[in-house]
Amino acid sequence: MREKIKKFLTNYKISLPILIAILVAAYFIFVNVGSAPQQDFIMASSTTIAQEVSVTGRVEPSKVVDLSLEASGKVSSVPVVVGQRVAAGQTLLRVDTSDLSIRLAQERAALEKAKIELAKAEPKTTATDDLEKAYEDGFNVIADAYLDLPSIVSGLDDILDSEQLSDAQVRNIGNKARDYRDDAEQAYYTARRAFNDSFNQYKTLSRASSDEELEAAILTTYEATKIVADSVKVVNNFVDYVEDQRDEQQRAGFPDMQNDLDGYTAETNDHLAALLDIKDTIEDSKIGITDEGLDLEALRLDIREAELDIEDTQQAISDRILRAPISGVVTAVDAEVGETVSTGADVVSIMSSGAFQIAANVPEADIAKVHMGAEADVELDAYSDVIFKAKVVSIDPAETVLDGVATYATTLEFVRQDERIKSGMTADITIKGERKENVIAVPQRSIVTRDGMKFVRVLEGEEVIEKPVETGLRGSDGNIEIVSGLIEGARVVVYLQSD
């Protein structure tokens, strides 16, 4: 038989590929003649239908701020550098305030003198009146103290964490330096505990608090301030000793630390004096000691004028100190010590580090599937094998046309912050939409639409029957929910030869 085929091919000059083609064609002719229409079917089953939207976005910081001073002047210190992490309220830049410090001291002296003159002339009042005002003043004195104490405690922490005073640097100096550091750290931790305890008590205080609560808060604040003042002195001794052991080239940064510590000393001394004064005033008021006087209005105006002068000077000092409005990373510093900066000129920029977000544009065809709070899986090009979790936090109601397609700006925020996430990274996002479980579903291509109605073709025995159905959610996997008209296990035709 093999020899006959070979002889046939040789006589009629038929190649092997041509022979194969002839055989295939013959197969389809003979097999399909008179056969029934061919069809493919699936079993309708209970499954999960879910919608997903896939878009590309870019990682960006949740906030970037450019900062400027409220007052011009010569820069006296810049305690931060580019790339440094800073906390909200931390000092970023300071303009020279020596002239204002002198003026503030003179105004405080004038205020004390005015108070003395008023005390001499003021008539005797009831102890209740005196005490009521003393408690009101006491609340103000406590509040003033807690305007400065948080930054002082934070500043001491920054100084002890500085590179110039690190363990490695101190070990190179010797045992005495280590002893100074141990003392400084112990004093700082003691001060921080005292501050935290007193600050927690202060947060429960209000002007409606009882007299006993106010007196207790004054004493607690005074003791905490005294402990903080002592810690400033111990840290100052540590800084002085280390600086003395360094040569000129190694003393960079020490003047700024000394400047900050001098400021902390002045602030704590002022608060201690004010707290002690109000404590004595309350005690005097309890006894009901006042002097008689006649015309007191002018003296009271003198006191108010002195207080306003102090407030103005304090505000002027504050305007010369640039503090971080948010926690983040310094991205730019455009000023140096000795340089004169102008009001309103951007000198420091901060990028928030507390949260990163993703900016994406969702096409009009998919925006109905996206809702606020929707969960999403994010893949970053830099870490293609890692899934980061995110959620939708905003959807812009106004469209943005990109390449002729209407899109909607959508912002997602990472559920957990991760140090691997960097601003500017490209993100592939899968936003999870509506989801239904345990529903009957079939492939969308099996749905036949005719005259406004939808049908599926069901194979019953050897016969194909059309059944009207009601459809529901369209899944991203190509399946569609059957709400009614079909039971689980039905054989649904997805391909018919006549189609």
# chains A, B, ... in the order shown; residues from 1 in each chain; ligands from 1

$ closest_atom_pairs --of "range 417-488 of chain A" --to "range 43-63 of chain A" --cutoff "8 Å" --atoms "only C-alpha atoms" --output "Markdown table"
| residue | atom | partner | partner_atom | distance |
| --- | --- | --- | --- | --- |
| A:Ile421 | CA | A:Val59 | CA | 8.0 |
| A:Lys422 | CA | A:Val59 | CA | 7.0 |
| A:Ser423 | CA | A:Glu60 | CA | 4.7 |
| A:Gly424 | CA | A:Val59 | CA | 5.1 |
| A:Met425 | CA | A:Val59 | CA | 5.2 |
| A:Thr426 | CA | A:Arg58 | CA | 4.7 |
| A:Ala427 | CA | A:Gly57 | CA | 5.0 |
| A:Asp428 | CA | A:Thr56 | CA | 4.7 |
| A:Ile429 | CA | A:Val55 | CA | 5.3 |
| A:Thr430 | CA | A:Ser54 | CA | 4.5 |
| A:Ile431 | CA | A:Val53 | CA | 5.0 |
| A:Lys432 | CA | A:Glu52 | CA | 4.7 |
| A:Gly433 | CA | A:Gln51 | CA | 4.9 |
| A:Glu434 | CA | A:Gln51 | CA | 5.6 |
| A:Arg435 | CA | A:Ala50 | CA | 4.2 |
| A:Lys436 | CA | A:Ile49 | CA | 5.2 |
| A:Glu437 | CA | A:Thr48 | CA | 4.2 |
| A:Asn438 | CA | A:Thr47 | CA | 5.0 |
| A:Val439 | CA | A:Ser46 | CA | 5.0 |
| A:Ile440 | CA | A:Ser46 | CA | 4.4 |
| A:Ala441 | CA | A:Ser45 | CA | 6.3 |
| A:Val442 | CA | A:Ala44 | CA | 6.0 |
| A:Leu473 | CA | A:Ile49 | CA | 7.1 |
| A:Arg474 | CA | A:Gln51 | CA | 7.0 |
| A:Gly475 | CA | A:Gln51 | CA | 4.9 |
| A:Ser476 | CA | A:Gln51 | CA | 5.0 |
| A:Asp477 | CA | A:Ala50 | CA | 7.9 |
| A:Asn479 | CA | A:Ile49 | CA | 7.3 |
| A:Ile480 | CA | A:Ile49 | CA | 7.3 |
| A:Glu481 | CA | A:Ile49 | CA | 6.9 |
| A:Leu486 | CA | A:Ala44 | CA | 7.9 |
| A:Ile487 | CA | A:Ala44 | CA | 7.2 |
| A:Glu488 | CA | A:Ser45 | CA | 5.1 |

$ closest_atom_pairs --of "range 277-359 of chain A" --to "range 393-398 of chain A" --cutoff "12 Å" --atoms "only C-alpha atoms" --output "CSV"
residue,atom,partner,partner_atom,distance
A:Phe356,CA,A:Val393,CA,12.0
A:Gln357,CA,A:Val393,CA,9.2
A:Ile358,CA,A:Val393,CA,9.9
A:Ala359,CA,A:Ser394,CA,9.8

$ closest_residue --among "A:Tyr146, A:Tyr408, A:Phe41, A:Tyr135" --to "Gln201 in chain A" --atoms "only C-alpha atoms"
A:Tyr146

$ select_by_dssp --residues "range 15-199 of chain A" --states "strand (DSSP E)" --output "PyMOL selection string"
chain A and resi 39-43+45-61+64-68+73-77+85-86+91-95

$ write_last_selection --atoms "C-alpha atoms" --output "PDB file, in the first residue's frame"
ATOM      1  CA  GLN A  39     -22.603  24.347  19.455  1.00  0.00           C
ATOM      2  CA  ASP A  40     -20.529  24.979  22.577  1.00  0.00           C
ATOM      3  CA  PHE A  41     -22.242  25.268  25.943  1.00  0.00           C
ATOM      4  CA  ILE A  42     -21.435  25.911  29.615  1.00  0.00           C
ATOM      5  CA  MET A  43     -23.269  24.994  32.766  1.00  0.00           C
ATOM      6  CA  SER A  45     -23.423  28.058  37.947  1.00  0.00           C
ATOM      7  CA  SER A  46     -23.425  30.034  41.153  1.00  0.00           C
ATOM      8  CA  THR A  47     -20.357  32.256  41.381  1.00  0.00           C
ATOM      9  CA  THR A  48     -19.069  35.676  42.400  1.00  0.00           C
ATOM     10  CA  ILE A  49     -19.451  38.678  40.077  1.00  0.00           C
ATOM     11  CA  ALA A  50     -17.145  41.632  40.648  1.00  0.00           C
ATOM     12  CA  GLN A  51     -16.431  44.845  38.785  1.00  0.00           C
ATOM     13  CA  GLU A  52     -12.883  46.187  38.605  1.00  0.00           C
ATOM     14  CA  VAL A  53     -11.396  49.273  36.979  1.00  0.00           C
ATOM     15  CA  SER A  54      -7.753  49.276  35.933  1.00  0.00           C
ATOM     16  CA  VAL A  55      -6.000  52.629  35.503  1.00  0.00           C
ATOM     17  CA  THR A  56      -2.501  54.062  35.723  1.00  0.00           C
ATOM     18  CA  GLY A  57      -1.581  56.826  38.149  1.00  0.00           C
ATOM     19  CA  ARG A  58       1.324  58.562  39.810  1.00  0.00           C
ATOM     20  CA  VAL A  59       2.369  58.735  43.479  1.00  0.00           C
ATOM     21  CA  GLU A  60       2.528  62.208  44.938  1.00  0.00           C
ATOM     22  CA  PRO A  61       2.801  63.702  48.435  1.00  0.00           C
ATOM     23  CA  VAL A  64       3.794  70.390  49.616  1.00  0.00           C
ATOM     24  CA  VAL A  65       4.209  73.814  51.245  1.00  0.00           C
ATOM     25  CA  ASP A  66       6.545  76.697  50.459  1.00  0.00           C
ATOM     26  CA  LEU A  67       7.219  78.816  53.540  1.00  0.00           C
ATOM     27  CA  SER A  68       8.186  82.449  53.991  1.00  0.00           C
ATOM     28  CA  GLY A  73      15.792  90.641  58.565  1.00  0.00           C
ATOM     29  CA  LYS A  74      19.189  89.012  58.869  1.00  0.00           C
ATOM     30  CA  VAL A  75      19.141  85.224  59.294  1.00  0.00           C
ATOM     31  CA  SER A  76      20.618  84.177  62.649  1.00  0.00           C
ATOM     32  CA  SER A  77      20.139  80.404  62.404  1.00  0.00           C
ATOM     33  CA  ARG A  85      12.567  65.116  58.661  1.00  0.00           C
ATOM     34  CA  VAL A  86      10.870  67.744  60.800  1.00  0.00           C
ATOM     35  CA  THR A  91      11.902  75.793  64.082  1.00  0.00           C
ATOM     36  CA  LEU A  92      13.153  75.912  60.486  1.00  0.00           C
ATOM     37  CA  LEU A  93      14.745  79.365  60.312  1.00  0.00           C
ATOM     38  CA  ARG A  94      15.231  82.280  62.658  1.00  0.00           C
ATOM     39  CA  VAL A  95      15.873  85.953  61.915  1.00  0.00           C
TER      40      VAL A  95
END

$ atom_distance --atom1 "CA of Glu70 in chain A" --atom2 "CA of Asp319 in chain A"
4.9 Å

$ select_by_dssp --residues "range 190-342 of chain A" --states "helix (DSSP H, G or I)" --output "ChimeraX atom specification"
/A:190-203,211-244,248-250,254-287,297-319

$ write_last_selection --atoms "C-alpha atoms" --output "mmCIF file, in the first residue's frame"
data_model
loop_
_atom_site.group_PDB
_atom_site.id
_atom_site.type_symbol
_atom_site.label_atom_id
_atom_site.label_comp_id
_atom_site.auth_asym_id
_atom_site.auth_seq_id
_atom_site.Cartn_x
_atom_site.Cartn_y
_atom_site.Cartn_z
ATOM 1 C CA THR A 190 12.826 63.640 83.719
ATOM 2 C CA ALA A 191 11.699 66.940 82.166
ATOM 3 C CA ARG A 192 9.729 65.211 79.428
ATOM 4 C CA ARG A 193 7.853 63.041 81.944
ATOM 5 C CA ALA A 194 7.063 66.055 84.091
ATOM 6 C CA PHE A 195 5.929 68.027 81.046
ATOM 7 C CA ASN A 196 3.703 65.189 79.765
ATOM 8 C CA ASP A 197 2.025 64.764 83.159
ATOM 9 C CA SER A 198 1.396 68.483 83.590
ATOM 10 C CA PHE A 199 0.292 68.937 79.981
ATOM 11 C CA ASN A 200 -2.283 66.146 80.349
ATOM 12 C CA GLN A 201 -3.642 67.931 83.418
ATOM 13 C CA TYR A 202 -3.736 71.224 81.492
ATOM 14 C CA LYS A 203 -5.784 69.648 78.665
ATOM 15 C CA ASP A 211 -10.691 77.150 92.025
ATOM 16 C CA GLU A 212 -9.007 74.076 93.486
ATOM 17 C CA GLU A 213 -8.291 72.666 90.012
ATOM 18 C CA LEU A 214 -6.809 75.979 88.866
ATOM 19 C CA GLU A 215 -4.545 76.244 91.911
ATOM 20 C CA ALA A 216 -3.387 72.649 91.472
ATOM 21 C CA ALA A 217 -2.660 73.286 87.789
ATOM 22 C CA ILE A 218 -0.627 76.415 88.615
ATOM 23 C CA LEU A 219 1.519 74.466 91.073
ATOM 24 C CA THR A 220 1.931 71.524 88.675
ATOM 25 C CA THR A 221 2.852 73.814 85.797
ATOM 26 C CA TYR A 222 5.329 75.681 87.988
ATOM 27 C CA GLU A 223 7.043 72.448 89.079
ATOM 28 C CA ALA A 224 7.132 71.111 85.512
ATOM 29 C CA THR A 225 8.542 74.388 84.184
ATOM 30 C CA LYS A 226 11.196 74.357 86.899
ATOM 31 C CA ILE A 227 12.220 70.803 85.944
ATOM 32 C CA VAL A 228 12.365 71.781 82.273
ATOM 33 C CA ALA A 229 14.462 74.847 83.160
ATOM 34 C CA ASP A 230 16.859 72.625 85.132
ATOM 35 C CA SER A 231 17.152 70.247 82.156
ATOM 36 C CA VAL A 232 17.972 73.190 79.872
ATOM 37 C CA LYS A 233 20.817 74.114 82.219
ATOM 38 C CA VAL A 234 22.184 70.527 82.297
ATOM 39 C CA VAL A 235 22.003 70.215 78.500
ATOM 40 C CA ASN A 236 23.700 73.615 78.220
ATOM 41 C CA ASN A 237 26.564 72.378 80.416
ATOM 42 C CA PHE A 238 26.915 69.310 78.174
ATOM 43 C CA VAL A 239 27.003 71.416 75.003
ATOM 44 C CA ASP A 240 29.533 73.849 76.531
ATOM 45 C CA TYR A 241 31.873 71.022 77.537
ATOM 46 C CA VAL A 242 31.768 69.251 74.158
ATOM 47 C CA GLU A 243 32.268 72.547 72.301
ATOM 48 C CA ASP A 244 35.310 73.363 74.449
ATOM 49 C CA GLU A 248 37.377 75.650 65.342
ATOM 50 C CA GLN A 249 36.599 73.395 62.384
ATOM 51 C CA GLN A 250 34.595 70.988 64.544
ATOM 52 C CA PHE A 254 27.267 74.714 68.245
ATOM 53 C CA PRO A 255 26.415 78.451 67.971
ATOM 54 C CA ASP A 256 22.896 77.542 66.817
ATOM 55 C CA MET A 257 22.463 75.141 69.738
ATOM 56 C CA GLN A 258 23.728 77.772 72.173
ATOM 57 C CA ASN A 259 21.350 80.328 70.665
ATOM 58 C CA ASP A 260 18.382 77.972 71.103
ATOM 59 C CA LEU A 261 19.388 77.070 74.663
ATOM 60 C CA ASP A 262 19.724 80.752 75.595
ATOM 61 C CA GLY A 263 16.233 81.302 74.272
ATOM 62 C CA TYR A 264 14.887 78.331 76.245
ATOM 63 C CA THR A 265 16.513 79.704 79.416
ATOM 64 C CA ALA A 266 14.910 83.122 78.944
ATOM 65 C CA GLU A 267 11.482 81.621 78.201
ATOM 66 C CA THR A 268 11.450 79.254 81.176
ATOM 67 C CA ASN A 269 12.666 82.029 83.519
ATOM 68 C CA ASP A 270 9.863 84.314 82.341
ATOM 69 C CA HIS A 271 7.230 81.617 82.860
ATOM 70 C CA LEU A 272 8.597 80.697 86.290
ATOM 71 C CA ALA A 273 8.422 84.341 87.350
ATOM 72 C CA ALA A 274 4.866 84.689 86.022
ATOM 73 C CA LEU A 275 3.685 81.473 87.691
ATOM 74 C CA LEU A 276 5.258 82.398 91.000
ATOM 75 C CA ASP A 277 3.753 85.881 90.788
ATOM 76 C CA ILE A 278 0.234 84.595 90.147
ATOM 77 C CA LYS A 279 0.644 82.042 92.940
ATOM 78 C CA ASP A 280 1.510 84.865 95.356
ATOM 79 C CA THR A 281 -1.325 86.993 93.990
ATOM 80 C CA ILE A 282 -3.842 84.256 94.680
ATOM 81 C CA GLU A 283 -2.558 83.885 98.228
ATOM 82 C CA ASP A 284 -2.752 87.660 98.772
ATOM 83 C CA SER A 285 -6.225 87.748 97.289
ATOM 84 C CA LYS A 286 -7.359 85.083 99.687
ATOM 85 C CA ILE A 287 -6.284 87.228 102.560
ATOM 86 C CA GLU A 297 -8.924 104.132 85.422
ATOM 87 C CA ALA A 298 -5.781 105.790 84.046
ATOM 88 C CA LEU A 299 -3.590 103.213 85.831
ATOM 89 C CA ARG A 300 -5.631 100.338 84.421
ATOM 90 C CA LEU A 301 -5.255 101.824 80.948
ATOM 91 C CA ASP A 302 -1.505 102.029 81.512
ATOM 92 C CA ILE A 303 -1.457 98.319 82.323
ATOM 93 C CA ARG A 304 -3.539 97.415 79.288
ATOM 94 C CA GLU A 305 -1.316 99.562 77.071
ATOM 95 C CA ALA A 306 1.776 97.798 78.425
ATOM 96 C CA GLU A 307 0.157 94.405 77.840
ATOM 97 C CA LEU A 308 -0.673 95.339 74.252
ATOM 98 C CA ASP A 309 2.911 96.501 73.693
ATOM 99 C CA ILE A 310 4.150 93.131 74.947
ATOM 100 C CA GLU A 311 1.709 91.253 72.709
ATOM 101 C CA ASP A 312 2.842 93.287 69.693
ATOM 102 C CA THR A 313 6.512 92.593 70.425
ATOM 103 C CA GLN A 314 5.889 88.899 71.016
ATOM 104 C CA GLN A 315 4.076 88.726 67.680
ATOM 105 C CA ALA A 316 6.965 90.560 66.009
ATOM 106 C CA ILE A 317 9.382 87.984 67.456
ATOM 107 C CA SER A 318 7.132 85.156 66.286
ATOM 108 C CA ASP A 319 7.091 86.683 62.781
#

$ residues_around --residues "Val81 in chain A" --least-positions-apart "2" --cutoff "8 Å" --atoms "only C-alpha atoms" --output "number ranges by chain"
A: 78-79, 83-84, 330, 332-333

$ atom_distance --atom1 "CA of Ile350 in chain A" --atom2 "CA of Ile159 in chain A"
20.8 Å
